[in-house]
Structure formats: C-alpha cells, structure tokens
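The next block holds one structure in the form of structure tokens; read it before the comments.
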Amino acid sequence: MSASGTTKTARKRLTWLGIVVAALVALIGFGSVTGNGASFVPKLALDLQGGTQIILSPLLADGEKVSVEQLAQAVSIIRQRVDATGVSEAQIITQGDSNIVVSIPGTPDENTLKLIRSSAKLEFRPVIVTSQGVSSSVGGDATGSSASAAPAPVVTPSTSPTDASDPNWISPSLQTAYDALDCTTEFRAPGQVDDPKLPLITCDVDGYAKFILGPVEVDGSNISDASAGTVTTSTGASTNTWAVNLDFDDVGTKQFADVTGRLFPLETPRNQFAITLDGFVITAPSTNAVISNGSAQITGSFDKDSSKVLADQLKYGSLPIAFEVQSQENISATLGSEQLAGGLLAGGIGLLLVIIYSMFQYRGLAIVTVGSLLVAAILVYLIIAILSWRQGYRLSLSGIAGLIVAIGITADSFIVYFERVRDELRDGRPLAQAVEQGWNRAVRTIIVSGSVSLLAAVVLYVLTVGNVRGFAFTLGMTTLVDLFIAAIFTHPILQLLAKTKFFSSGHPWSGFDSKALGATSYVGRGKFRTSEEVPATKAAKASKEAHTRQTLAERKAAELSAQAGKKN
C-alpha cells in the first residue's frame with residue numbers, strides 16, 4: 001500500500017472510532033434527557049452502595065426440618081427470580097441451617113420485592129366459584145376469549161365430592177365465608193400455608209375478584225419452562241398479541257392433561273383453573289382445549305411487560321418449601337466510599353506504573369500508550385453506563401478489580417506491537433515499513449493472548465456466581481475493548497506518527513533510535529540496503545564500506561564468483 005493510502009486508511013479508522021464514541025455518548029444523553037433513566041454515572045453494587053436485605057424463614061410444621069437439598073434448591077430458585085428482573089450483583093446466601101438472606105443493591109422495585117416475598121409454592125387449583133368474568137384462556141395453540149362468570153351458587157353438599165371441580169366441596173360454612181370475604185382487606189396471615197387437599201377461599205393479587213378453588217391438582221414444581229412472546233398464526237406469522245407459553249415436565253404433562261380433559265367440557269367458571277402464588281390467584285384462564293402434550297399457551301389482555309411478569313412468576317414461583325419474610329431492612333455499604341476510593345487508587349497506581357515503564361522503555365511511544373489507555377477507559381466507562389441503564393448492571397469492587405487487571409492486558413498488547421516494530425527496525429527496514437510488518441506479526445499474538453483471557457473470563461462467568469461473575473464480566477468486556485482499540489486506534493495512530501519527522505528520523509527520544517536498537521542496514525554479500533533516492537556516489541561509498549564488513553565466507557564466495565566471471 002502506498003504512503004498516501006496508508007494515511008487515508010489510518011484516518012478512516014480513527015474517524016470510525018470517533019463516531020462510535022460519539023454514538024455512545026449521544027445514546028446515554030438522549031436517554032437522560034427523555035427521562036428513560038439513563039445516566040453517565042454507572043450504578044454501584046451492594047458492596048459499594050448498600051441496598052435492601054430480606055431474611056426469609058421456612059414455614060415448617062412442628063418437628064419438621066428443612067433439608068440441605070431443599071435449602072439449596074430454594075436459594076437457586078430465588079437467585080433465578082432476582083436475576084430475571086435484571087438486578088445484578090445480588091447476594092442470596094443461607095443463614096444458619098434454615099434461613100435465606102437476600103441482599104439487593106440499591107432500592108429494588110416492587111416487582112422484584114414481590115417475587116422474593118412470594119415464597120409459597122406455586123399451585124394449580126380448579127375454579128369452582130368466582131366473582132369475576134374470564135379475562136384469559138389457555139390452549140395448546142389458542143387465542144384469548146372472554147366470558148361472564150355465573151353468579152356464585154349456594155351449594156348444600158349432599159354427597160362427597162367426586163373430583164376437584166365438584167361444587168359439593170362448598171359447604172354452608174364455606175359459602176358463608178366466601179360471601180363475607182372482602183378482598184380490599186387483609187384476610188390472610190403472612191406466610192399462611194394452605195392444605196393442598198382442601199378447597200381454598202382467596203382473592204386475586206389485585207383484590208378485584210374472589211374465588212372458591214378446589215384442591216391442588218398440579219404443583220408448580222412440575223413446570224419445566226415458561227416464557228413470554230407474541231402469538232403466531234397457523235402459517236407461522238407473528239401477531240401483536242402477547243401470550244405466556246408454558247411447558248410441563250413428564251409428571252406435570254400427565255396431570256395437566258387430566259385436568260384440562262375434565263375442565264374443557266364444563267361451563268364457566270368451572271372450566272377455569274387458577275394458578276396461585278402465596279395463596280393469591282395470579283391468573284385464572286379458561287380451558288379451550290384438551291392439552292395432552294405438556295405445552296400450553298395463556299392468552300388474554302397481556303402486553304409485553306405483564307406477560308413477562310407472569311412468565312417469571314410461573315417459571316420461578318415454585319419453591320420446595322414455603323417461606324415467610326422474617327425481616328426487611330435497608331443496609332449500608334459493606335465497603336463504602338473509602339474502599340471504593342482505595343480500589344480506584346490501586347487502579348491509578350497501576351496505570352501510573354504502566355505509563356512510567358512505557359516512558360522509560362519506549363520514550364516518545366508513551367503517548368501511544370497513554371492515548372490507547374485513555375480511549376479504552378472512555379469506551380469501557382460508556383459501555384458500563386449503558387449496561388447499567390439498559391440491563392441493570394452494577395459495578396462492584398470485584399468488577400473494578402477486573403478493570404485493573406485489564407490495564408496489564410492492554411499494556412501487554414502495546415509491548416508486543418512495539419517490540420515487533422523494533423525487530424523490523426533492527427533488520428534495517430524504514431519506520432513506515434516496520435510499522436506495517438510489525439503489525440502483521442504482532443496482531444496474531446495479540447489475538448491469541450486476548451482469546452485466552454476472554455476464554456478464562458467466560459469460564460469464570462459460567463461456572464461461578466456472585467461477585468466472581470462481576471470480575472469475570474468486566475475482564476471479558478475489557479479484553480474485547482482491548483482488541484478493538486489495538487486495531488482501530490493503536491495501529492492507525494502509529495501509522496500516522498511514522499510519517500512525522502520526529503519518529504521517522506529515529507530521534508533518540510522517539511523510541512525508534514536505530515543506534516540504540518543496534519539496527520543495521522547491512523544485508524550480507526557485501527551489500528547495504530540503500531534507498532532509491534540515495535545518490536550514486538553515496539551508494540558506491542556504502543558498497544566499499546560493506547566490502548570491509550564481509551565475513552570470510554562472503555569474501556571467499558565473492559572471489560569464486562569473480563574467478564568464474566573471468567573464465568567466461
């Protein structure tokens with residue numbers, strides 16, 4: 001590539017870098033001005049900011065104990081619940097042999113707190129009586145429908161109930177309790193445990209409707225997956241109707257097939273089944289198909305947010321044991337501003353040492369080091385700010401440790417590149433050519449080194465939880481940024497500097513001093529590399545000097561060549 005072409009390419013890459021930085025700044029600025037919660041200040045994690053701590057205690061019968069396996073499963077499910085809300089760097093740990101402590105950075109929203117506090121088992125119960133019309137339906141591939149509920153009947157049981165939907169469950173006392181129920185008042189004790197074999201009088205979570213429900217027929221632990229999405233037509237086209245897709249395991253598939261097979265022929269409201277969480281009805285869809293394959297779809301008056309909330313409740317709602325909230329309180333930062341300042345000071349010292357080493361070892365090339373580190377820091381900061389805004393990411397002390405480690409990774413890329421360029425200079429190549437050849441040799445090493453760091457970060461992130469994941473995330477992110485900066489800033493800026501007189505002349509303070517590097521243009525066979533622009537007299541003089549530097553082998557080869565020429 002010609003000198004002008006190299007300069008043009010370098011400037012183009014630097015322009016694209018400027019566009020990327022400007023776009024990130026504009027995105028955050030737009031989100032801040034429009035009131036969407038964006039900020040140029042990243043959110044901090046629990047160890048730096050403090051947050052909310054909730055202690056959950058299991059609800060057990062007299063003499064009953066919670067097993068280690070049950071507690072571990074409960075911790076896993078609660079962690080999934082919290083992660084699903086977008087909250088990062090939360091801590092969910094056990095306390096003693098029964099309690100679970102949930103610590104969330106900052107001030108969590110009500111949906112997050114509701115998912116944590118809703119610690120009873122998720123259960124499927126048939127609806128016998130309800131005061132509200134049907135607002136959703138369930139089917140294997142069905143759309144939503146609406147119907148009016150029949151008035152609550154007064155039933156006097158004459159025989160024993162034949163199934164969970166039988167109105168004979170409703171005794172006079174149960175009917176009286178249902179009629180007297182006021183959903184606007186607190187009618188359940190916190191953490192109340194319901195007998196799964198008996199009917200239940202309760203309300204929906206919003207307090208709008210009340211229900212008489214039959215015994216539990218499907219346990220929430222038999223749900224294998226739940227997700228929100230738009231309804232697709234029979235031809236595969238997507239619609240604007242939101243739904244919740246539900247999948248059961250083998251046990252749940254059989255149980256749900258039996259339930260829907262019984263409910264489908266019934267009239268409203270007895271063709272409905274209610275899904276309860278912590279004893280409250282979160283949804284009560286009607287059955288418009290017999291579902292035997294274990295895959296159902298709940299449709300109704302959903303939007304994107306409400307369908308996701310319901311999907312999260314179904315997916316993460318079932319716990320192996322019921323819990324009650326023992327306490328909820330705000331907690332101060334476990335490390336606080338002093339430790340944050342200490343972490344930043346450590347990073348600053350590491351950065352300063354890298355700069356000092358670069359100045360000592362590479363002289364004027366230190367400006368490339370400083371510039372690359374500065375641009376990398378700006379990009380990483382903007383990315384973290386965007387992740388805090390859009391993904392709920394929070395920066396912890398372990399995350400800061402990952403950023404500090406990344407300084408060394410970035411510096412390693414500079415060293416590899418600079419040394420490759422110096423090797424080319426030692427072989428007698430001019431600086432512009434050495435920069436290109438050095439990059440071609442260095443880029444493979446830089447990519448391999450970055451790939452190893454990225455692989456380590458991915459493994460850590462996948463196999464660990466808590467603060468270690470924060471370290472792995474920032475390490476992996478900064479490694480990718482380092483590779484990006486090396487290609488789109490470090491190499492182009494060195495291409496442009498190679499055109500300046502200070503660097504191209506090999507100034508002693510440029511870092512490319514040929515004498516200091518032990519460079520030579522002698523290529524053997526009594527020859528020096530000479531530019532085409534060198535006058536013939538100087539080239540002849542260089543040739544004579546080269547002759548004096550010939551080795552014995554080179555002189556002998558020259559004599560043999562001369563003798564052969566004379567014979568010819």
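In the structure tokens, each chain is lettered A, B, ... as it comes, each chain's residues begin at 1, and ligands are numbered from 1 in order of appearance.
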Excluding Ile212 of chain A and residues on its chain fewer than 2 positions from it, collect all residues at most 8 Å away from it, counting only C-alpha atoms, and give them as a ChimeraX atom specification.
/A:127-130,178,199-202,210,214
From the DSSP assignment of the backbone, select every residue of segment 188-385 of chain A that is alpha helix (DSSP H), and format the answer as JSON, numbers by chain.
{"A": [250, 251, 252, 253, 254, 255, 256, 257, 258, 259, 260, 261, 262, 263, 304, 305, 306, 307, 308, 309, 310, 311, 312, 313, 314, 315, 316, 336, 337, 338, 339, 340, 341, 342, 343, 344, 345, 346, 347, 348, 349, 350, 351, 352, 353, 354, 355, 356, 357, 358, 359, 360, 361, 362, 366, 367, 368, 369, 370, 371, 372, 373, 374, 375, 376, 377, 378, 379, 380, 381, 382, 383, 384, 385]}
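You can rank A:Thr474, A:Thr260, A:Gln313, A:Gln192 by their closest distance to Leu115 of chain A using only C-alpha atoms, and at the top of that list sits A:Gln313.
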For Arg270 of chain A, list every protein, DNA or RNA residue within 10 Å, evaluated using only C-alpha atoms, and leave out those in the same chain fewer than 6 positions away; present the list as a PyMOL selection string.
chain A and resi 126-130+149-150+165-167+213+262-264+286-287
Write the selection just made, keeping N, CA, C and O atoms, as a compact mmCIF listing (two decimals), in the first residue's frame?
```
# COMPACT_ATOMS: atom_id res chain seq x y z
N PRO A 126 -58.50 -25.93 40.44
CA PRO A 126 -59.67 -25.64 39.59
C PRO A 126 -60.56 -24.59 40.25
O PRO A 126 -60.66 -24.53 41.48
N VAL A 127 -61.19 -23.76 39.43
CA VAL A 127 -62.11 -22.75 39.93
C VAL A 127 -63.50 -23.35 40.06
O VAL A 127 -64.03 -23.93 39.09
N ILE A 128 -64.09 -23.21 41.24
CA ILE A 128 -65.48 -23.67 41.45
C ILE A 128 -66.43 -22.48 41.38
O ILE A 128 -67.46 -22.52 40.72
N VAL A 129 -66.05 -21.38 42.03
CA VAL A 129 -66.86 -20.17 42.05
C VAL A 129 -65.94 -18.97 41.95
O VAL A 129 -64.84 -18.98 42.53
N THR A 130 -66.36 -17.94 41.21
CA THR A 130 -65.61 -16.69 41.16
C THR A 130 -66.56 -15.53 40.96
O THR A 130 -67.66 -15.70 40.42
N ALA A 149 -68.91 -14.65 34.19
CA ALA A 149 -68.99 -15.71 35.19
C ALA A 149 -70.42 -15.83 35.69
O ALA A 149 -71.16 -14.86 35.79
N ALA A 150 -70.78 -17.03 36.03
CA ALA A 150 -72.11 -17.25 36.60
C ALA A 150 -72.13 -16.77 38.03
O ALA A 150 -71.11 -16.74 38.70
N SER A 165 -63.23 -30.30 40.95
CA SER A 165 -64.12 -29.25 40.44
C SER A 165 -65.55 -29.39 40.94
O SER A 165 -66.40 -28.57 40.59
N ASP A 166 -65.82 -30.40 41.72
CA ASP A 166 -67.19 -30.69 42.17
C ASP A 166 -67.70 -29.60 43.12
O ASP A 166 -67.05 -29.30 44.13
N PRO A 167 -68.86 -28.99 42.81
CA PRO A 167 -69.43 -27.98 43.72
C PRO A 167 -69.76 -28.50 45.11
O PRO A 167 -69.99 -27.72 46.04
N LEU A 213 -61.78 -22.19 45.28
CA LEU A 213 -60.95 -23.07 44.46
C LEU A 213 -60.97 -24.48 45.04
O LEU A 213 -61.04 -24.67 46.27
N ARG A 262 -60.92 -32.78 31.90
CA ARG A 262 -62.13 -32.68 32.72
C ARG A 262 -62.76 -31.29 32.63
O ARG A 262 -63.99 -31.14 32.60
N LEU A 263 -61.90 -30.22 32.59
CA LEU A 263 -62.42 -28.86 32.62
C LEU A 263 -63.00 -28.40 31.28
O LEU A 263 -63.92 -27.58 31.25
N PHE A 264 -62.46 -28.89 30.18
CA PHE A 264 -62.84 -28.38 28.86
C PHE A 264 -64.35 -28.43 28.59
O PHE A 264 -64.92 -27.47 28.07
N SER A 286 -59.49 -19.67 31.32
CA SER A 286 -60.44 -20.72 30.97
C SER A 286 -59.74 -21.74 30.08
O SER A 286 -58.73 -21.45 29.44
N THR A 287 -60.29 -22.94 30.02
CA THR A 287 -59.71 -24.01 29.22
C THR A 287 -60.46 -24.12 27.89
O THR A 287 -61.67 -24.37 27.89
```
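Between Ile104 of chain A and the residues A:Thr235, A:Asp182, A:Ile331, A:Ser4, the shortest atom-to-atom distance, using only C-alpha atoms, involves A:Ile331.
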Non-local contacts of segment 338-349 of chain A (12 Å; only C-alpha atoms; under 4 positions in same chain excluded) as a ChimeraX atom specification:
/A:44-49,333-334,353-356,373,377,395-408
d(atom CA of Thr230 of chain A, atom CA of Thr85 of chain A) in Å:
19.8 Å
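Closest to Leu24 of chain A among A:Ile485, A:Ala385, A:Leu480, A:Val259 is A:Ala385, based on only C-alpha atoms.
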Spatial neighbours of Arg79 of chain A, 12 Å, only C-alpha atoms, chain gap at least 5 places, as a PyMOL selection string:
chain A and resi 72-74+84-94+100-104+112+115-116+316-317+319+465-466
Pick out each residue of segment 47-285 of chain A that DSSP on the backbone tags as strand (DSSP E or B); I need them as a ChimeraX atom specification.
/A:51-58,91-95,99-105,122-130,134,136-139,147,200-204,210-213,218-219,223-232,238-248,272-277,280-283
